[in-house]
>>> print(open('work04.pdb').read())   # PDB, C-alpha atoms and all ligand atoms
ATOM      1  CA  MET A   1      -1.488 -67.780 -56.425
ATOM      2  CA  SER A   2      -1.756 -69.837 -59.597
ATOM      3  CA  SER A   3      -1.095 -68.194 -62.976
ATOM      4  CA  ARG A   4      -4.441 -69.156 -64.460
ATOM      5  CA  PRO A   5      -5.490 -66.955 -67.410
ATOM      6  CA  ILE A   6      -7.795 -64.073 -66.491
ATOM      7  CA  THR A   7     -11.367 -65.413 -66.802
ATOM      8  CA  PRO A   8     -13.928 -63.463 -68.833
ATOM      9  CA  ALA A   9     -16.997 -61.846 -67.240
ATOM     10  CA  ALA A  10     -20.288 -63.775 -67.495
ATOM     11  CA  GLY A  11     -21.862 -63.300 -70.922
ATOM     12  CA  LYS A  12     -18.574 -62.268 -72.481
ATOM     13  CA  LEU A  13     -17.610 -63.893 -75.785
ATOM     14  CA  PRO A  14     -14.781 -66.303 -74.931
ATOM     15  CA  LEU A  15     -11.613 -65.447 -76.850
ATOM     16  CA  PRO A  16     -11.109 -69.023 -78.210
ATOM     17  CA  GLU A  17     -14.473 -68.658 -79.948
ATOM     18  CA  LEU A  18     -12.743 -66.391 -82.475
ATOM     19  CA  VAL A  19     -10.482 -69.216 -83.661
ATOM     20  CA  ALA A  20     -13.507 -71.541 -83.697
ATOM     21  CA  MET A  21     -15.323 -69.002 -85.893
ATOM     22  CA  LYS A  22     -12.373 -68.885 -88.275
ATOM     23  CA  ARG A  23     -12.335 -72.680 -88.503
ATOM     24  CA  ARG A  24     -16.083 -72.754 -89.213
ATOM     25  CA  GLY A  25     -15.737 -69.985 -91.786
ATOM     26  CA  ASP A  26     -17.964 -67.642 -89.746
ATOM     27  CA  LYS A  27     -16.912 -64.042 -90.330
ATOM     28  CA  ILE A  28     -16.019 -61.845 -87.361
ATOM     29  CA  ALA A  29     -17.479 -58.327 -87.085
ATOM     30  CA  MET A  30     -15.447 -55.645 -85.333
ATOM     31  CA  VAL A  31     -16.093 -51.923 -85.008
ATOM     32  CA  THR A  32     -14.438 -49.094 -83.133
ATOM     33  CA  ALA A  33     -16.214 -47.266 -80.305
ATOM     34  CA  TYR A  34     -15.068 -44.449 -78.057
ATOM     35  CA  ASP A  35     -17.893 -43.885 -75.578
ATOM     36  CA  ALA A  36     -20.554 -45.735 -73.626
ATOM     37  CA  PRO A  37     -23.489 -45.223 -76.041
ATOM     38  CA  ALA A  38     -21.412 -46.489 -78.948
ATOM     39  CA  GLY A  39     -20.295 -49.526 -76.940
ATOM     40  CA  GLN A  40     -23.898 -50.307 -76.059
ATOM     41  CA  LEU A  41     -25.072 -49.903 -79.677
ATOM     42  CA  ALA A  42     -22.256 -52.122 -80.963
ATOM     43  CA  ASP A  43     -23.144 -54.763 -78.375
ATOM     44  CA  ASP A  44     -26.832 -54.590 -79.337
ATOM     45  CA  ALA A  45     -25.876 -55.012 -83.017
ATOM     46  CA  GLY A  46     -24.095 -58.268 -82.205
ATOM     47  CA  VAL A  47     -20.501 -57.463 -83.093
ATOM     48  CA  GLU A  48     -17.889 -59.819 -81.676
ATOM     49  CA  LEU A  49     -15.112 -57.266 -81.160
ATOM     50  CA  VAL A  50     -15.189 -53.612 -80.097
ATOM     51  CA  LEU A  51     -11.947 -51.720 -80.550
ATOM     52  CA  VAL A  52     -11.334 -48.560 -78.572
ATOM     53  CA  GLY A  53      -8.923 -47.522 -81.289
ATOM     54  CA  ASP A  54      -6.285 -44.845 -81.099
ATOM     55  CA  SER A  55      -8.091 -43.525 -84.187
ATOM     56  CA  ALA A  56      -9.866 -41.632 -81.369
ATOM     57  CA  ALA A  57      -6.982 -39.172 -81.667
ATOM     58  CA  MET A  58      -8.300 -38.129 -85.083
ATOM     59  CA  VAL A  59     -12.051 -38.777 -85.007
ATOM     60  CA  MET A  60     -12.708 -37.759 -81.390
ATOM     61  CA  LEU A  61      -9.901 -35.457 -80.301
ATOM     62  CA  GLY A  62      -9.236 -33.539 -83.522
ATOM     63  CA  HIS A  63      -5.583 -34.449 -84.033
ATOM     64  CA  GLU A  64      -4.008 -34.828 -87.496
ATOM     65  CA  SER A  65      -2.705 -38.328 -86.730
ATOM     66  CA  THR A  66      -2.956 -41.005 -84.045
ATOM     67  CA  VAL A  67       0.463 -40.131 -82.617
ATOM     68  CA  PRO A  68      -0.502 -37.508 -79.976
ATOM     69  CA  VAL A  69      -3.128 -39.490 -78.027
ATOM     70  CA  THR A  70      -1.848 -40.548 -74.601
ATOM     71  CA  LEU A  71      -2.282 -43.725 -72.592
ATOM     72  CA  ASP A  72      -4.268 -41.756 -69.981
ATOM     73  CA  GLU A  73      -6.670 -40.576 -72.694
ATOM     74  CA  MET A  74      -7.011 -44.087 -74.127
ATOM     75  CA  VAL A  75      -7.680 -45.555 -70.675
ATOM     76  CA  PHE A  76     -10.361 -42.889 -70.074
ATOM     77  CA  LEU A  77     -12.143 -43.662 -73.382
ATOM     78  CA  THR A  78     -11.803 -47.416 -72.862
ATOM     79  CA  ARG A  79     -13.392 -47.136 -69.396
ATOM     80  CA  ALA A  80     -16.414 -45.406 -70.942
ATOM     81  CA  VAL A  81     -16.854 -48.155 -73.557
ATOM     82  CA  THR A  82     -16.364 -51.059 -71.172
ATOM     83  CA  ARG A  83     -18.995 -49.688 -68.766
ATOM     84  CA  ALA A  84     -21.641 -50.248 -71.443
ATOM     85  CA  THR A  85     -20.411 -53.301 -73.338
ATOM     86  CA  GLN A  86     -21.279 -56.810 -72.145
ATOM     87  CA  ARG A  87     -20.764 -59.541 -74.765
ATOM     88  CA  PRO A  88     -18.190 -58.249 -77.253
ATOM     89  CA  VAL A  89     -14.527 -58.534 -76.423
ATOM     90  CA  VAL A  90     -13.329 -54.959 -75.848
ATOM     91  CA  ILE A  91      -9.857 -54.227 -77.173
ATOM     92  CA  GLY A  92      -7.943 -51.317 -75.674
ATOM     93  CA  ASP A  93      -5.551 -49.895 -78.253
ATOM     94  CA  LEU A  94      -2.088 -49.122 -76.870
ATOM     95  CA  PRO A  95      -1.143 -45.681 -78.181
ATOM     96  CA  PHE A  96       2.185 -44.611 -79.614
ATOM     97  CA  GLY A  97       4.766 -44.195 -76.867
ATOM     98  CA  SER A  98       3.159 -46.661 -74.469
ATOM     99  CA  TYR A  99       5.018 -49.813 -75.588
ATOM    100  CA  GLU A 100       7.976 -48.958 -77.827
ATOM    101  CA  ILE A 101      10.597 -48.558 -75.099
ATOM    102  CA  SER A 102      10.700 -52.058 -73.614
ATOM    103  CA  ASP A 103       8.749 -55.251 -73.019
ATOM    104  CA  GLU A 104       8.269 -54.093 -69.414
ATOM    105  CA  GLN A 105       6.724 -50.818 -70.570
ATOM    106  CA  ALA A 106       4.409 -52.729 -72.914
ATOM    107  CA  VAL A 107       3.239 -55.074 -70.148
ATOM    108  CA  ALA A 108       2.742 -52.181 -67.708
ATOM    109  CA  SER A 109       0.627 -50.293 -70.280
ATOM    110  CA  ALA A 110      -1.413 -53.405 -71.063
ATOM    111  CA  ILE A 111      -2.068 -53.931 -67.350
ATOM    112  CA  ARG A 112      -3.329 -50.330 -67.028
ATOM    113  CA  MET A 113      -5.661 -50.918 -69.965
ATOM    114  CA  LEU A 114      -7.172 -53.919 -68.212
ATOM    115  CA  LYS A 115      -7.196 -52.703 -64.609
ATOM    116  CA  GLU A 116      -8.140 -49.044 -65.163
ATOM    117  CA  GLY A 117      -9.803 -49.173 -68.581
ATOM    118  CA  GLY A 118     -11.638 -52.441 -68.020
ATOM    119  CA  ALA A 119     -10.476 -53.699 -71.450
ATOM    120  CA  ASP A 120     -10.561 -57.437 -72.055
ATOM    121  CA  VAL A 121      -7.455 -57.440 -74.254
ATOM    122  CA  VAL A 122      -5.104 -54.950 -75.925
ATOM    123  CA  LYS A 123      -3.808 -54.199 -79.409
ATOM    124  CA  LEU A 124      -0.515 -52.799 -80.625
ATOM    125  CA  GLU A 125       0.983 -51.974 -84.012
ATOM    126  CA  GLY A 126       3.985 -53.380 -85.825
ATOM    127  CA  ALA A 127       6.265 -56.386 -86.096
ATOM    128  CA  GLY A 128      10.092 -56.602 -85.838
ATOM    129  CA  ARG A 129      10.941 -55.421 -82.312
ATOM    130  CA  MET A 130       7.220 -55.351 -81.505
ATOM    131  CA  VAL A 131       7.057 -59.164 -81.788
ATOM    132  CA  SER A 132       8.858 -59.284 -78.466
ATOM    133  CA  ARG A 133       6.254 -56.853 -76.977
ATOM    134  CA  VAL A 134       3.476 -59.147 -78.175
ATOM    135  CA  ARG A 135       5.194 -62.139 -76.602
ATOM    136  CA  ALA A 136       5.765 -60.327 -73.296
ATOM    137  CA  ILE A 137       2.102 -59.277 -73.066
ATOM    138  CA  ALA A 138       0.783 -62.704 -74.092
ATOM    139  CA  GLU A 139       3.065 -64.383 -71.540
ATOM    140  CA  SER A 140       1.567 -62.083 -68.895
ATOM    141  CA  ASN A 141      -1.796 -63.776 -69.606
ATOM    142  CA  ILE A 142      -3.165 -60.737 -71.431
ATOM    143  CA  GLY A 143      -4.735 -61.241 -74.835
ATOM    144  CA  VAL A 144      -2.992 -59.189 -77.479
ATOM    145  CA  MET A 145      -4.083 -58.381 -81.007
ATOM    146  CA  ALA A 146      -1.385 -57.455 -83.505
ATOM    147  CA  HIS A 147      -1.712 -54.959 -86.383
ATOM    148  CA  ILE A 148       0.414 -54.800 -89.554
ATOM    149  CA  GLY A 149       0.175 -53.310 -93.037
ATOM    150  CA  LEU A 150      -0.684 -49.633 -92.783
ATOM    151  CA  THR A 151       0.151 -48.889 -89.160
ATOM    152  CA  PRO A 152      -1.020 -45.309 -88.586
ATOM    153  CA  GLN A 153       1.320 -44.737 -85.617
ATOM    154  CA  SER A 154       4.212 -44.994 -88.141
ATOM    155  CA  VAL A 155       2.531 -42.862 -90.794
ATOM    156  CA  THR A 156       5.510 -40.524 -91.223
ATOM    157  CA  LYS A 157       7.923 -43.425 -91.701
ATOM    158  CA  LEU A 158       5.522 -45.085 -94.147
ATOM    159  CA  GLY A 159       5.274 -41.853 -96.156
ATOM    160  CA  GLY A 160       1.573 -41.282 -95.558
ATOM    161  CA  PHE A 161      -1.695 -43.193 -95.268
ATOM    162  CA  ARG A 162      -1.065 -45.577 -98.175
ATOM    163  CA  ALA A 163      -1.516 -49.277 -98.957
ATOM    164  CA  GLN A 164       1.309 -51.617 -97.949
ATOM    165  CA  GLY A 165       2.608 -54.929 -99.304
ATOM    166  CA  ARG A 166       2.268 -54.058-102.977
ATOM    167  CA  THR A 167       5.561 -55.586-104.106
ATOM    168  CA  ALA A 168       6.544 -59.253-103.820
ATOM    169  CA  ASP A 169       9.224 -58.378-101.247
ATOM    170  CA  ALA A 170       6.881 -56.234 -99.171
ATOM    171  CA  ALA A 171       4.139 -58.893 -99.333
ATOM    172  CA  LEU A 172       6.617 -61.580 -98.249
ATOM    173  CA  LYS A 173       7.686 -59.419 -95.317
ATOM    174  CA  LEU A 174       4.056 -58.983 -94.240
ATOM    175  CA  TYR A 175       3.559 -62.749 -94.523
ATOM    176  CA  ASP A 176       6.628 -63.468 -92.363
ATOM    177  CA  ASP A 177       5.642 -60.764 -89.855
ATOM    178  CA  ALA A 178       2.169 -62.297 -89.548
ATOM    179  CA  LEU A 179       3.609 -65.728 -88.779
ATOM    180  CA  ALA A 180       6.045 -64.250 -86.249
ATOM    181  CA  LEU A 181       3.247 -62.384 -84.453
ATOM    182  CA  GLN A 182       1.113 -65.522 -84.335
ATOM    183  CA  ASP A 183       4.096 -67.443 -82.987
ATOM    184  CA  ALA A 184       4.594 -64.748 -80.320
ATOM    185  CA  GLY A 185       1.061 -65.370 -79.027
ATOM    186  CA  ALA A 186      -1.186 -62.795 -80.719
ATOM    187  CA  PHE A 187      -4.815 -63.982 -80.618
ATOM    188  CA  ALA A 188      -5.712 -62.135 -83.837
ATOM    189  CA  LEU A 189      -4.141 -59.864 -86.418
ATOM    190  CA  VAL A 190      -5.400 -56.669 -88.028
ATOM    191  CA  LEU A 191      -4.344 -56.290 -91.663
ATOM    192  CA  GLU A 192      -4.778 -52.675 -92.750
ATOM    193  CA  ALA A 193      -4.579 -51.452 -96.356
ATOM    194  CA  VAL A 194      -3.040 -54.620 -97.754
ATOM    195  CA  PRO A 195      -3.831 -55.992-101.253
ATOM    196  CA  ALA A 196      -6.743 -58.425-101.024
ATOM    197  CA  ALA A 197      -4.785 -61.292-102.598
ATOM    198  CA  VAL A 198      -1.923 -60.883-100.121
ATOM    199  CA  ALA A 199      -4.298 -60.641 -97.129
ATOM    200  CA  ALA A 200      -6.142 -63.780 -98.299
ATOM    201  CA  ARG A 201      -2.859 -65.666 -98.553
ATOM    202  CA  ILE A 202      -1.805 -64.551 -95.056
ATOM    203  CA  SER A 203      -5.245 -65.423 -93.636
ATOM    204  CA  ALA A 204      -5.047 -68.917 -95.100
ATOM    205  CA  ALA A 205      -1.590 -69.443 -93.608
ATOM    206  CA  LEU A 206      -2.539 -68.398 -90.058
ATOM    207  CA  GLU A 207      -4.467 -70.293 -87.413
ATOM    208  CA  ILE A 208      -5.453 -67.068 -85.643
ATOM    209  CA  PRO A 209      -8.100 -64.887 -87.291
ATOM    210  CA  THR A 210      -7.201 -61.907 -89.430
ATOM    211  CA  ILE A 211      -9.347 -58.792 -89.227
ATOM    212  CA  GLY A 212      -9.160 -56.700 -92.365
ATOM    213  CA  ILE A 213      -9.560 -53.000 -92.946
ATOM    214  CA  GLY A 214      -8.933 -52.300 -96.596
ATOM    215  CA  ALA A 215      -7.653 -55.859 -96.966
ATOM    216  CA  GLY A 216     -10.464 -57.565 -98.857
ATOM    217  CA  ALA A 217     -12.992 -60.308 -98.247
ATOM    218  CA  GLY A 218     -10.413 -63.065 -97.735
ATOM    219  CA  CYS A 219      -9.806 -61.931 -94.147
ATOM    220  CA  ASP A 220     -11.580 -63.764 -91.332
ATOM    221  CA  GLY A 221     -13.309 -60.611 -90.157
ATOM    222  CA  GLN A 222     -13.658 -56.926 -90.901
ATOM    223  CA  VAL A 223     -13.274 -53.740 -88.889
ATOM    224  CA  LEU A 224     -14.411 -50.222 -89.676
ATOM    225  CA  VAL A 225     -13.999 -46.997 -87.745
ATOM    226  CA  TRP A 226     -17.295 -45.825 -86.186
ATOM    227  CA  HIS A 227     -17.209 -42.377 -87.788
ATOM    228  CA  ASP A 228     -16.408 -43.777 -91.261
ATOM    229  CA  LEU A 229     -19.084 -46.479 -91.107
ATOM    230  CA  LEU A 230     -21.779 -44.063 -89.939
ATOM    231  CA  GLY A 231     -20.810 -41.082 -92.102
ATOM    232  CA  MET A 232     -20.152 -38.894 -89.062
ATOM    233  CA  TYR A 233     -18.274 -36.254 -91.074
ATOM    234  CA  PRO A 234     -18.842 -34.622 -94.454
ATOM    235  CA  GLY A 235     -16.632 -35.228 -97.455
ATOM    236  CA  ARG A 236     -14.485 -38.056 -98.687
ATOM    237  CA  THR A 237     -13.711 -41.283 -96.883
ATOM    238  CA  PRO A 238     -10.840 -43.691 -97.610
ATOM    239  CA  ARG A 239     -11.369 -46.081-100.541
ATOM    240  CA  PHE A 240     -11.910 -49.090 -98.260
ATOM    241  CA  VAL A 241     -14.758 -47.550 -96.280
ATOM    242  CA  LYS A 242     -18.391 -48.397 -96.885
ATOM    243  CA  ARG A 243     -20.663 -45.794 -95.305
ATOM    244  CA  TYR A 244     -23.810 -47.368 -93.891
ATOM    245  CA  ALA A 245     -25.400 -44.059 -92.883
ATOM    246  CA  GLU A 246     -24.934 -40.325 -93.394
ATOM    247  CA  LEU A 247     -25.262 -39.225 -89.789
ATOM    248  CA  ALA A 248     -23.338 -35.977 -90.296
ATOM    249  CA  ASP A 249     -26.098 -34.885 -92.684
ATOM    250  CA  ASP A 250     -28.820 -35.983 -90.267
ATOM    251  CA  ILE A 251     -27.118 -34.245 -87.336
ATOM    252  CA  GLY A 252     -26.558 -31.083 -89.378
ATOM    253  CA  THR A 253     -30.222 -30.999 -90.417
ATOM    254  CA  ALA A 254     -31.430 -31.624 -86.855
ATOM    255  CA  LEU A 255     -29.162 -28.923 -85.394
ATOM    256  CA  GLY A 256     -30.289 -26.482 -88.087
ATOM    257  CA  HIS A 257     -33.933 -27.093 -87.144
ATOM    258  CA  TYR A 258     -33.102 -26.645 -83.453
ATOM    259  CA  VAL A 259     -31.311 -23.340 -84.026
ATOM    260  CA  GLY A 260     -34.221 -22.129 -86.170
ATOM    261  CA  ASP A 261     -36.772 -23.131 -83.524
ATOM    262  CA  VAL A 262     -34.850 -21.416 -80.723
ATOM    263  CA  ARG A 263     -34.568 -18.220 -82.741
ATOM    264  CA  SER A 264     -38.231 -18.228 -83.802
ATOM    265  CA  GLY A 265     -39.533 -19.245 -80.368
ATOM    266  CA  ALA A 266     -41.018 -22.466 -81.761
ATOM    267  CA  PHE A 267     -39.031 -24.365 -79.101
ATOM    268  CA  PRO A 268     -39.747 -24.978 -76.263
ATOM    269  CA  GLU A 269     -43.495 -25.659 -76.413
ATOM    270  CA  GLU A 270     -45.719 -26.188 -73.377
ATOM    271  CA  GLN A 271     -45.099 -29.940 -73.505
ATOM    272  CA  HIS A 272     -41.385 -29.291 -72.892
ATOM    273  CA  THR A 273     -41.931 -27.210 -69.724
ATOM    274  CA  TYR A 274     -42.812 -27.837 -66.060
ATOM    275  CA  ALA A 275     -45.963 -26.423 -64.427
ATOM    276  CA  ILE A 276     -46.480 -24.959 -60.947
ATOM    277  CA  PRO A 277     -49.911 -25.233 -59.249
ATOM    278  CA  ASP A 278     -52.004 -22.030 -59.616
ATOM    279  CA  ASP A 279     -52.218 -21.399 -55.856
ATOM    280  CA  GLU A 280     -48.428 -21.724 -55.505
ATOM    281  CA  LEU A 281     -47.917 -19.334 -58.393
ATOM    282  CA  GLU A 282     -50.327 -16.839 -56.807
ATOM    283  CA  SER A 283     -48.449 -17.067 -53.489
ATOM    284  CA  PHE A 284     -45.172 -16.612 -55.304
ATOM    285  CA  GLU A 285     -46.456 -13.501 -57.110
ATOM    286  CA  LEU A 286     -47.923 -12.146 -53.844
ATOM    287  CA  ALA A 287     -44.613 -12.684 -52.032
ATOM    288  CA  LEU A 288     -42.767 -10.861 -54.800
ATOM    289  CA  SER A 289     -45.219  -7.939 -54.772
ATOM    290  CA  GLN A 290     -44.806  -7.563 -50.999
ATOM    291  CA  ARG A 291     -41.062  -7.081 -51.416
ATOM    292  CA  HIS A 292     -41.550  -3.672 -53.002
TER     293      HIS A 292
HETATM  294  O1  LIG B   1      -7.288 -47.247 -84.123
HETATM  295  C1  LIG B   1      -8.028 -47.855 -84.905
HETATM  296  O2  LIG B   1      -9.191 -47.511 -85.108
HETATM  297  C2  LIG B   1      -7.490 -49.020 -85.580
HETATM  298  C3  LIG B   1      -8.331 -49.668 -86.632
HETATM  299  C4  LIG B   1      -8.288 -48.888 -87.865
HETATM  300  C5  LIG B   1      -7.954 -51.088 -86.832
HETATM  301  O3  LIG B   1      -6.397 -49.423 -85.307
END
>>> encode(input="work04.pdb", output="structure tokens", more="lines below")
Ligand code: KIV
Amino acid sequence: MSSRPITPAAGKLPLPELVAMKRRGDKIAMVTAYDAPAGQLADDAGVELVLVGDSAAMVMLGHESTVPVTLDEMVFLTRAVTRATQRPVVIGDLPFGSYEISDEQAVASAIRMLKEGGADVVKLEGAGRMVSRVRAIAESNIGVMAHIGLTPQSVTKLGGFRAQGRTADAALKLYDDALALQDAGAFALVLEAVPAAVAARISAALEIPTIGIGAGAGCDGQVLVWHDLLGMYPGRTPRFVKRYAELADDIGTALGHYVGDVRSGAFPEEQHTYAIPDDELESFELALSQRH
């Protein structure tokens, strides 16, 4: 068998188109999704990239951080999204613990994401030792997106969910990490919570596209988490989030009306019920009466 790269499904955005978009100055839109309806809606909206992010741990599974989510859980969620998503490239996020041990572990996890989850490509966090993981996955003909800056899987080590690269030394390290990840074969790079000026400088230096989240308009694309973008929870959102809807309010109002209608008897109405022909009902009643 030849080692040709895995070919995309018909209608799928070809991965090289992302670099072409960067060269043309066309911005890339990416959003997270964790289930089939969300994947379908993201596809219909025309996004290029759908990330089944390990942010699912927090926004879907109720954990305090992204650390607890397992590869099995991520594969399950990714399968749901990929069933409903045609054109966008679907990225399966490798969770903490599924790639840190060795290059072999990283490749095995990436293969599961593709074979069982149906993902087109994978993403992992970090640089340093993770550069070798990126290279191993890319050399296995699997597209891999890198992610530096605020890397939530290392939140304890980073001292919390806070911006990164805010000193000259830290910015220089991010810059060098970005080049190393590109050199290792990453097809794109997420920059999370990085000063806009630093992210713009890194974006200009790379041939692969950067996708920013809290990294300013100088990135080649942007990503937001589904629940942040749509206002799926009450209260504060991180500084870098723009909420395009307040669905938690809408859902709360709708559920309140439903509960009220159930309690008052206003729901269901006749239009929500099924009828039985009169003669069948009469026979039914007759049969019941003859039982006693
Ligand atoms: O898991 C996730 O949603 C992410 C994005 C924030 C980039 O990694």
>>> residues_around(input="work04.pdb", residues="stretch 194-199 of chain A", least_positions_apart="2", cutoff="8 Å", atoms="all atoms listed in the file", output="PDB file with C-alpha atoms, in the coordinates of the input")
ATOM      1  CA  GLY A 149       0.175 -53.310 -93.037  1.00  0.00           C
ATOM      2  CA  LEU A 150      -0.684 -49.633 -92.783  1.00  0.00           C
ATOM      3  CA  ALA A 163      -1.516 -49.277 -98.957  1.00  0.00           C
ATOM      4  CA  GLN A 164       1.309 -51.617 -97.949  1.00  0.00           C
ATOM      5  CA  GLY A 165       2.608 -54.929 -99.304  1.00  0.00           C
ATOM      6  CA  ARG A 166       2.268 -54.058-102.977  1.00  0.00           C
ATOM      7  CA  ALA A 171       4.139 -58.893 -99.333  1.00  0.00           C
ATOM      8  CA  LEU A 191      -4.344 -56.290 -91.663  1.00  0.00           C
ATOM      9  CA  GLU A 192      -4.778 -52.675 -92.750  1.00  0.00           C
ATOM     10  CA  ARG A 201      -2.859 -65.666 -98.553  1.00  0.00           C
ATOM     11  CA  ILE A 202      -1.805 -64.551 -95.056  1.00  0.00           C
ATOM     12  CA  SER A 203      -5.245 -65.423 -93.636  1.00  0.00           C
ATOM     13  CA  GLY A 212      -9.160 -56.700 -92.365  1.00  0.00           C
ATOM     14  CA  GLY A 214      -8.933 -52.300 -96.596  1.00  0.00           C
ATOM     15  CA  ALA A 215      -7.653 -55.859 -96.966  1.00  0.00           C
ATOM     16  CA  GLY A 216     -10.464 -57.565 -98.857  1.00  0.00           C
ATOM     17  CA  ALA A 217     -12.992 -60.308 -98.247  1.00  0.00           C
ATOM     18  CA  GLY A 218     -10.413 -63.065 -97.735  1.00  0.00           C
ATOM     19  CA  CYS A 219      -9.806 -61.931 -94.147  1.00  0.00           C
TER      20      CYS A 219
END
>>> closest_residue(input="work04.pdb", among="A:Met21, A:Ala287, A:Leu49, A:Val59", to="A:Trp226", atoms="all atoms listed in the file")
A:Val59
>>> axis_aligned_box(input="work04.pdb", around="stretch 103-118 of chain A", padding_each_side="4 Å", output="JSON")
{"center_x": -1.4, "center_y": -52.1, "center_z": -68.8, "size_x": 28.4, "size_y": 14.2, "size_z": 16.4}
>>> residues_near_ligand(input="work04.pdb", ligand="ligand LIG 1 (chain B)", cutoff="6 Å", atoms="only C-alpha atoms and all ligand atoms", output="list of chain:residue names")
A:Thr32, A:Gly53, A:Asp54, A:Ser55, A:Val225
>>> closest_residue(input="work04.pdb", among="A:Ile208, A:Ala266, A:Leu114, A:Val223", to="A:Val50", atoms="only C-alpha atoms")
A:Val223
>>> decode(input="work04.pdb", residues="stretch 86-100 of chain A", atoms="N, CA, C and O atoms", output="mmCIF file, in the first residue's frame")
data_model
loop_
_atom_site.group_PDB
_atom_site.id
_atom_site.type_symbol
_atom_site.label_atom_id
_atom_site.label_comp_id
_atom_site.auth_asym_id
_atom_site.auth_seq_id
_atom_site.Cartn_x
_atom_site.Cartn_y
_atom_site.Cartn_z
ATOM 1 N N GLN A 86 -20.659 18.258 7.140
ATOM 2 C CA GLN A 86 -20.155 17.863 5.817
ATOM 3 C C GLN A 86 -18.911 18.662 5.424
ATOM 4 O O GLN A 86 -17.840 18.112 5.258
ATOM 5 N N ARG A 87 -19.072 19.976 5.205
ATOM 6 C CA ARG A 87 -17.985 20.764 4.606
ATOM 7 C C ARG A 87 -16.867 21.155 5.574
ATOM 8 O O ARG A 87 -15.687 21.049 5.218
ATOM 9 N N PRO A 88 -17.178 21.619 6.770
ATOM 10 C CA PRO A 88 -16.068 22.076 7.620
ATOM 11 C C PRO A 88 -15.133 20.930 7.982
ATOM 12 O O PRO A 88 -15.545 19.775 8.094
ATOM 13 N N VAL A 89 -13.886 21.282 8.168
ATOM 14 C CA VAL A 89 -12.908 20.329 8.692
ATOM 15 C C VAL A 89 -13.209 20.161 10.183
ATOM 16 O O VAL A 89 -13.277 21.145 10.920
ATOM 17 N N VAL A 90 -13.437 18.916 10.605
ATOM 18 C CA VAL A 90 -13.738 18.669 12.023
ATOM 19 C C VAL A 90 -12.459 18.243 12.742
ATOM 20 O O VAL A 90 -11.786 17.289 12.342
ATOM 21 N N ILE A 91 -12.166 18.993 13.799
ATOM 22 C CA ILE A 91 -10.939 18.765 14.574
ATOM 23 C C ILE A 91 -11.306 18.057 15.874
ATOM 24 O O ILE A 91 -12.087 18.595 16.673
ATOM 25 N N GLY A 92 -10.748 16.894 16.080
ATOM 26 C CA GLY A 92 -10.958 16.186 17.353
ATOM 27 C C GLY A 92 -9.844 16.577 18.315
ATOM 28 O O GLY A 92 -8.662 16.381 18.019
ATOM 29 N N ASP A 93 -10.236 17.133 19.450
ATOM 30 C CA ASP A 93 -9.249 17.607 20.428
ATOM 31 C C ASP A 93 -8.733 16.415 21.241
ATOM 32 O O ASP A 93 -9.541 15.668 21.809
ATOM 33 N N LEU A 94 -7.431 16.244 21.298
ATOM 34 C CA LEU A 94 -6.864 15.167 22.121
ATOM 35 C C LEU A 94 -6.852 15.638 23.572
ATOM 36 O O LEU A 94 -6.243 16.672 23.885
ATOM 37 N N PRO A 95 -7.508 14.902 24.458
ATOM 38 C CA PRO A 95 -7.576 15.369 25.849
ATOM 39 C C PRO A 95 -6.307 15.088 26.625
ATOM 40 O O PRO A 95 -5.474 14.270 26.217
ATOM 41 N N PHE A 96 -6.191 15.733 27.763
ATOM 42 C CA PHE A 96 -5.053 15.532 28.657
ATOM 43 C C PHE A 96 -4.911 14.047 28.981
ATOM 44 O O PHE A 96 -5.890 13.372 29.289
ATOM 45 N N GLY A 97 -3.695 13.550 28.888
ATOM 46 C CA GLY A 97 -3.440 12.147 29.220
ATOM 47 C C GLY A 97 -3.445 11.244 28.009
ATOM 48 O O GLY A 97 -3.086 10.070 28.117
ATOM 49 N N SER A 98 -3.828 11.785 26.840
ATOM 50 C CA SER A 98 -3.933 10.903 25.668
ATOM 51 C C SER A 98 -2.740 11.070 24.724
ATOM 52 O O SER A 98 -2.692 10.412 23.687
ATOM 53 N N TYR A 99 -1.772 11.937 25.089
ATOM 54 C CA TYR A 99 -0.618 12.115 24.191
ATOM 55 C C TYR A 99 0.679 12.484 24.905
ATOM 56 O O TYR A 99 1.729 12.571 24.285
ATOM 57 N N GLU A 100 0.626 12.691 26.214
ATOM 58 C CA GLU A 100 1.810 13.182 26.922
ATOM 59 C C GLU A 100 2.907 12.129 27.074
ATOM 60 O O GLU A 100 4.088 12.450 27.181
#
